[in-house]
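K.L.:
Mind having a look at this structure? Questions to follow.
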Amino acid sequence: LRPVLDLSSVPFAYGHIGDFKNRIIYYESSRGCPFSCSYCLSSVDKCLRFRDIGVVKEELQFFIDHEVPQVKFVDRTFNCRHDHAMEVWTYIKEHDRGITNFHFEVAADLLNEDEIRLIRSMRPGLIQLEIGVQSVNRDTLREIRRTMDLERVRESVERIREGRNVHQHLDLIAGLPFEGYESFARSFDTVYAMKPEQLQLGFLKVLKGSLMHERTEEYGLLYQDRPPYEVLRTKWLSYGEIIRLKRVEEMTEVYYNSGQFRHTMEYLLGKFGTPFSMYEALAGYYEENGLLGVQHSRLARYEILSRFAGHYLADEAEKKEFTEWLTLDLYLRDNVKNRPAFLGAGQTDKEEAATFYKKEAQERRYLKGYDAYDSRQMRKMTHLERLGGKLLLFDYGKRDPLTGDAAVYEIKE
């Protein structure tokens, strides 16, 4: 066998690129993993090694100077060594120019107080964290040789979420041993309750050379015979159930991970026993109405959700409240000037809006930074909406760096 390569001797791959606009750069500051998860090839290579931190800082500065939009660290468990993680995070915080975002895969239960405090002190949007939970079934975790303190994961995710400055992406894997359909639903509900910005439903890849591949017969695994070698059936999960989970994954991607329906889905959750049952029902509605496999516009997704919700709302009062949440979500993201019919008539008439913008052009109470614009221009660039008895102003010139939502001001009348 060849001796293990010194990671610091690997040439920097990006020095020849001139234009980084709209590029995502993949970068590696360590190789190997301290864990032995049976589905992962990193468990085969027991040698964990790090690139020299001085070299790493020089290369990070290159990315910052060239205004790379996003750098994705492909280190399998970035925070497995505390001093390395702290040096990298401290450097990017101190040299941040407000443009580059850095993505890290971390073990949330290994994050200590110093790391969490540093993470919470960063500019909103400077970093995002991907946290592989994979399952909350103890038998599954034991069988795949995964070490995880679920309570510590929950605590770390909550503390970071409270800082409102870091996008957290939590992963689950369907098709693991001892994880049937109902068990996966429980894992989904547990992770959903942690309120990550994204909940990723992945499907087991049976990789040649992994321990999982060696136990194909024992686990009753049927999987694709070509890349990505994705699971089709297990002893605990039928092919039909995997197809159902694929549809739940699609609904989760559209109605949760997009962040466009946050308030609406939270309201609708009260009509279902669990988050999983809500997305499962939504997937069923799409299937029954021939909506799967179709390219829907963003507005169409709102209208479909409105029709779906109508089956679960008891009376007109509930339908009115639902429509207000849907309206809020729509205008938080989009300055829609042609009001969709499914939202009904707005509660703000043209005269009221004209009076407000004329006054705002004179007093500048809410729209700071609009000095160069007159009342008509300001009206085009913002939106006025009455919701829940309050008059709200949506400012699309100012958006939340984490969610992309417009700034919202309550107008004192």
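Here's how to read the names in the structure tokens: chain A, B, ... by the order shown, residue numbers from 1 in each chain, ligand numbers from 1 in the order shown.
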Please, which residues of segment 126-314 of chain A, numbered as in this document, come out strand (DSSP E or B) from DSSP, as a PyMOL selection string?

P.N.:
chain A and resi 127-134+167-174+198-203+205+222-223+230-233

K.L.:
Any idea what's packed within 12 Å of Leu313 of chain A, counting only C-alpha atoms, ignoring anything in its chain fewer than 2 positions away? Could you give it as a list of chain:residue names?

P.N.:
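Returned residues: A:Tyr267, A:Leu268, A:Leu269, A:Gly270, A:Lys271, A:Phe272, A:Ser306, A:Arg307, A:Phe308, A:Ala309, A:Gly310, A:His311, A:Asp315, A:Glu316, A:Ala317, A:Glu318, A:Lys319, A:Lys320, A:Glu321, A:Phe322, A:Thr323.
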
K.L.:
Show me a table, sorted first by chain and then by increasing residue number, of the residues of segment 114-209 of chain A having an atom at most 12 Å from segment 384-406 of chain A, each with its shortest atom pair and the distance in Å to one decimal, counting only C-alpha atoms and written as a tab-separated table.

P.N.:
residue	atom	partner	partner_atom	distance
A:Arg123	CA	A:Pro401	CA	9.3
A:Pro124	CA	A:Pro401	CA	6.2
A:Gly125	CA	A:Leu402	CA	5.7
A:Leu126	CA	A:Pro401	CA	9.5
A:Ile127	CA	A:Leu402	CA	10.2
A:Gln128	CA	A:Leu402	CA	9.6
A:Arg161	CA	A:Leu402	CA	10.9
A:Gly163	CA	A:Leu402	CA	11.0
A:Arg164	CA	A:Leu402	CA	7.6
A:Asn165	CA	A:Leu402	CA	6.4
A:Val166	CA	A:Leu402	CA	7.0
A:His167	CA	A:Leu402	CA	6.5
A:Gln168	CA	A:Leu402	CA	10.1
A:Pro196	CA	A:Thr403	CA	11.7
A:Glu197	CA	A:Thr403	CA	8.3
A:Gln198	CA	A:Thr403	CA	11.1

K.L.:
For the selection just defined, write its residues with N, CA, C and O atoms to a file, as a JSON list (two decimals), in the first residue's frame.

P.N.:
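Done, and the output landed in selection15.json:
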[["chain", "number", "residue", "atom", "x", "y", "z"],
["A", 123, "ARG", "N", -21.70, 37.11, 11.83],
["A", 123, "ARG", "CA", -22.67, 37.81, 10.97],
["A", 123, "ARG", "C", -23.72, 36.82, 10.47],
["A", 123, "ARG", "O", -23.40, 35.71, 10.07],
["A", 124, "PRO", "N", -25.01, 37.22, 10.48],
["A", 124, "PRO", "CA", -26.04, 36.35, 9.93],
["A", 124, "PRO", "C", -25.72, 35.97, 8.49],
["A", 124, "PRO", "O", -25.46, 36.83, 7.65],
["A", 125, "GLY", "N", -25.69, 34.68, 8.22],
["A", 125, "GLY", "CA", -25.41, 34.20, 6.87],
["A", 125, "GLY", "C", -23.95, 33.93, 6.59],
["A", 125, "GLY", "O", -23.61, 33.45, 5.50],
["A", 126, "LEU", "N", -23.05, 34.20, 7.54],
["A", 126, "LEU", "CA", -21.62, 33.93, 7.30],
["A", 126, "LEU", "C", -21.37, 32.44, 7.16],
["A", 126, "LEU", "O", -20.63, 32.00, 6.27],
["A", 127, "ILE", "N", -21.98, 31.63, 8.04],
["A", 127, "ILE", "CA", -21.80, 30.19, 7.94],
["A", 127, "ILE", "C", -23.15, 29.48, 7.94],
["A", 127, "ILE", "O", -24.17, 30.05, 8.35],
["A", 128, "GLN", "N", -23.16, 28.26, 7.43],
["A", 128, "GLN", "CA", -24.31, 27.39, 7.60],
["A", 128, "GLN", "C", -23.79, 26.03, 8.02],
["A", 128, "GLN", "O", -22.67, 25.64, 7.69],
["A", 161, "ARG", "N", -30.08, 28.09, 16.97],
["A", 161, "ARG", "CA", -31.28, 28.68, 16.37],
["A", 161, "ARG", "C", -31.68, 29.97, 17.08],
["A", 161, "ARG", "O", -32.13, 30.93, 16.45],
["A", 163, "GLY", "N", -29.84, 32.19, 18.20],
["A", 163, "GLY", "CA", -29.00, 33.29, 17.74],
["A", 163, "GLY", "C", -29.50, 33.93, 16.47],
["A", 163, "GLY", "O", -29.07, 35.04, 16.12],
["A", 164, "ARG", "N", -30.38, 33.26, 15.72],
["A", 164, "ARG", "CA", -30.99, 33.76, 14.49],
["A", 164, "ARG", "C", -29.95, 34.28, 13.48],
["A", 164, "ARG", "O", -30.15, 35.30, 12.83],
["A", 165, "ASN", "N", -28.84, 33.58, 13.40],
["A", 165, "ASN", "CA", -27.80, 34.02, 12.47],
["A", 165, "ASN", "C", -27.18, 32.90, 11.63],
["A", 165, "ASN", "O", -26.35, 33.16, 10.77],
["A", 166, "VAL", "N", -27.60, 31.65, 11.88],
["A", 166, "VAL", "CA", -26.99, 30.52, 11.19],
["A", 166, "VAL", "C", -28.06, 29.61, 10.61],
["A", 166, "VAL", "O", -29.00, 29.19, 11.30],
["A", 167, "HIS", "N", -27.92, 29.32, 9.32],
["A", 167, "HIS", "CA", -28.80, 28.38, 8.63],
["A", 167, "HIS", "C", -28.38, 26.96, 9.03],
["A", 167, "HIS", "O", -27.24, 26.56, 8.82],
["A", 168, "GLN", "N", -29.32, 26.19, 9.63],
["A", 168, "GLN", "CA", -29.03, 24.82, 10.04],
["A", 168, "GLN", "C", -29.80, 23.83, 9.15],
["A", 168, "GLN", "O", -30.99, 23.97, 8.93],
["A", 196, "PRO", "N", -35.18, 23.15, 12.18],
["A", 196, "PRO", "CA", -34.04, 23.57, 11.35],
["A", 196, "PRO", "C", -34.53, 24.38, 10.17],
["A", 196, "PRO", "O", -35.72, 24.33, 9.81],
["A", 197, "GLU", "N", -33.63, 25.14, 9.54],
["A", 197, "GLU", "CA", -34.01, 25.87, 8.32],
["A", 197, "GLU", "C", -34.29, 24.89, 7.18],
["A", 197, "GLU", "O", -35.11, 25.16, 6.32],
["A", 198, "GLN", "N", -33.58, 23.75, 7.18],
["A", 198, "GLN", "CA", -33.84, 22.72, 6.18],
["A", 198, "GLN", "C", -33.82, 21.35, 6.82],
["A", 198, "GLN", "O", -32.98, 21.06, 7.68]]

K.L.:
Any idea what's packed within 10 Å of Gln224 of chain A, counting only C-alpha atoms, ignoring anything in its chain fewer than 6 positions away? Could you give it as a PyMOL selection string?

P.N.:
chain A and resi 205-206+230-232

K.L.:
Keeping only N, CA and C atoms, write the selected residues as an mmCIF file, in the first residue's frame.

P.N.:
data_model
loop_
_atom_site.group_PDB
_atom_site.id
_atom_site.type_symbol
_atom_site.label_atom_id
_atom_site.label_comp_id
_atom_site.auth_asym_id
_atom_site.auth_seq_id
_atom_site.Cartn_x
_atom_site.Cartn_y
_atom_site.Cartn_z
ATOM 1 N N LYS A 205 -27.506 5.032 0.361
ATOM 2 C CA LYS A 205 -26.697 4.619 -0.778
ATOM 3 C C LYS A 205 -25.864 3.416 -0.328
ATOM 4 N N VAL A 206 -26.015 2.295 -0.988
ATOM 5 C CA VAL A 206 -25.292 1.073 -0.611
ATOM 6 C C VAL A 206 -23.978 1.058 -1.386
ATOM 7 N N GLU A 230 -28.780 3.717 -4.913
ATOM 8 C CA GLU A 230 -29.782 4.072 -3.896
ATOM 9 C C GLU A 230 -30.686 2.885 -3.571
ATOM 10 N N VAL A 231 -31.030 2.770 -2.306
ATOM 11 C CA VAL A 231 -31.845 1.655 -1.816
ATOM 12 C C VAL A 231 -33.244 1.684 -2.440
ATOM 13 N N LEU A 232 -33.756 0.494 -2.756
ATOM 14 C CA LEU A 232 -35.101 0.342 -3.315
ATOM 15 C C LEU A 232 -36.023 -0.411 -2.350
#

K.L.:
Tell me which protein, DNA and RNA residues are within 12 Å of Arg247 of chain A, counting only C-alpha atoms, leaving out same-chain ones fewer than 6 positions away, and put them as a PyMOL selection string.

P.N.:
chain A and resi 201+240-241+253-254+276+279-287+291-293

K.L.:
Let's have the selection written as a PDB file, in the first residue's frame, with C-alpha atoms.

P.N.:
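Okay, again-v2.pdb is ready:
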ATOM      1  CA  LEU A 201     -34.687  13.439   3.579  1.00  0.00           C
ATOM      2  CA  GLY A 240     -44.021   1.012  -2.022  1.00  0.00           C
ATOM      3  CA  GLU A 241     -43.129   2.676   1.288  1.00  0.00           C
ATOM      4  CA  GLU A 253     -38.672  20.318  -0.060  1.00  0.00           C
ATOM      5  CA  VAL A 254     -41.413  22.547  -1.492  1.00  0.00           C
ATOM      6  CA  PHE A 276     -45.104  13.703   9.119  1.00  0.00           C
ATOM      7  CA  TYR A 279     -46.727  16.163   4.664  1.00  0.00           C
ATOM      8  CA  GLU A 280     -47.943  12.621   3.970  1.00  0.00           C
ATOM      9  CA  ALA A 281     -51.501  13.934   3.506  1.00  0.00           C
ATOM     10  CA  LEU A 282     -50.241  16.734   1.265  1.00  0.00           C
ATOM     11  CA  ALA A 283     -48.352  14.190  -0.876  1.00  0.00           C
ATOM     12  CA  GLY A 284     -51.544  12.142  -1.105  1.00  0.00           C
ATOM     13  CA  TYR A 285     -53.472  15.208  -2.265  1.00  0.00           C
ATOM     14  CA  TYR A 286     -50.900  15.880  -4.998  1.00  0.00           C
ATOM     15  CA  GLU A 287     -51.132  12.263  -6.158  1.00  0.00           C
ATOM     16  CA  LEU A 291     -50.172  17.201  -9.467  1.00  0.00           C
ATOM     17  CA  LEU A 292     -46.996  15.116  -9.103  1.00  0.00           C
ATOM     18  CA  GLY A 293     -44.363  15.307 -11.814  1.00  0.00           C
TER      19      GLY A 293
END

K.L.:
Go ahead and compute the interatomic distance for atom CA of Pro177 of chain A and atom CA of Glu214 of chain A, in Å to one decimal.

P.N.:
13.1 Å

K.L.:
Please provide the set of residues having any atom within 10 Å of Gly132 of chain A, restricted to only C-alpha atoms, with same-chain residues fewer than 3 positions apart removed, written as a ChimeraX atom specification.

P.N.:
/A:77,105-108,129,135,148,153,169-173,200

K.L.:
What are the closest atom pairs, with distances in Å to one decimal, for all residues of segment 109-225 of chain A lying within 12 Å of segment 35-38 of chain A? Consider only C-alpha atoms, order rows by chain and residue number, and present the result as CSV.

P.N.:
residue,atom,partner,partner_atom,distance
A:Gly132,CA,A:Cys37,CA,11.3
A:Val133,CA,A:Cys37,CA,11.9
A:Gln134,CA,A:Cys37,CA,10.5
A:Thr140,CA,A:Ser38,CA,10.9
A:Leu141,CA,A:Cys37,CA,8.8
A:Arg142,CA,A:Cys37,CA,9.6
A:Glu143,CA,A:Ser38,CA,8.2
A:Ile144,CA,A:Ser38,CA,4.9
A:Arg145,CA,A:Cys37,CA,5.1
A:Arg146,CA,A:Cys37,CA,5.2
A:Thr147,CA,A:Phe35,CA,7.5
A:Met148,CA,A:Phe35,CA,10.1
A:Leu176,CA,A:Ser38,CA,9.9
A:Pro177,CA,A:Ser38,CA,10.4
A:Leu204,CA,A:Ser38,CA,11.0
A:Lys205,CA,A:Ser38,CA,11.1
A:Val206,CA,A:Ser38,CA,9.8
A:Leu207,CA,A:Ser38,CA,9.9
A:Lys208,CA,A:Ser38,CA,11.3
A:Gly209,CA,A:Ser38,CA,10.0
A:Ser210,CA,A:Ser38,CA,6.2
A:Leu211,CA,A:Ser38,CA,4.9
A:Met212,CA,A:Ser38,CA,5.3
A:His213,CA,A:Ser38,CA,8.7
A:Glu214,CA,A:Ser38,CA,9.6
A:Arg215,CA,A:Ser38,CA,9.7
A:Thr216,CA,A:Ser38,CA,11.7

K.L.:
Here is a test: counting only C-alpha atoms, which residue of A:Asp109, A:Leu60, A:Cys80, A:Ala174 is nearest to Tyr39 of chain A?

P.N.:
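Of A:Asp109, A:Leu60, A:Cys80, A:Ala174, the one nearest Tyr39 of chain A is A:Ala174, counting only C-alpha atoms.
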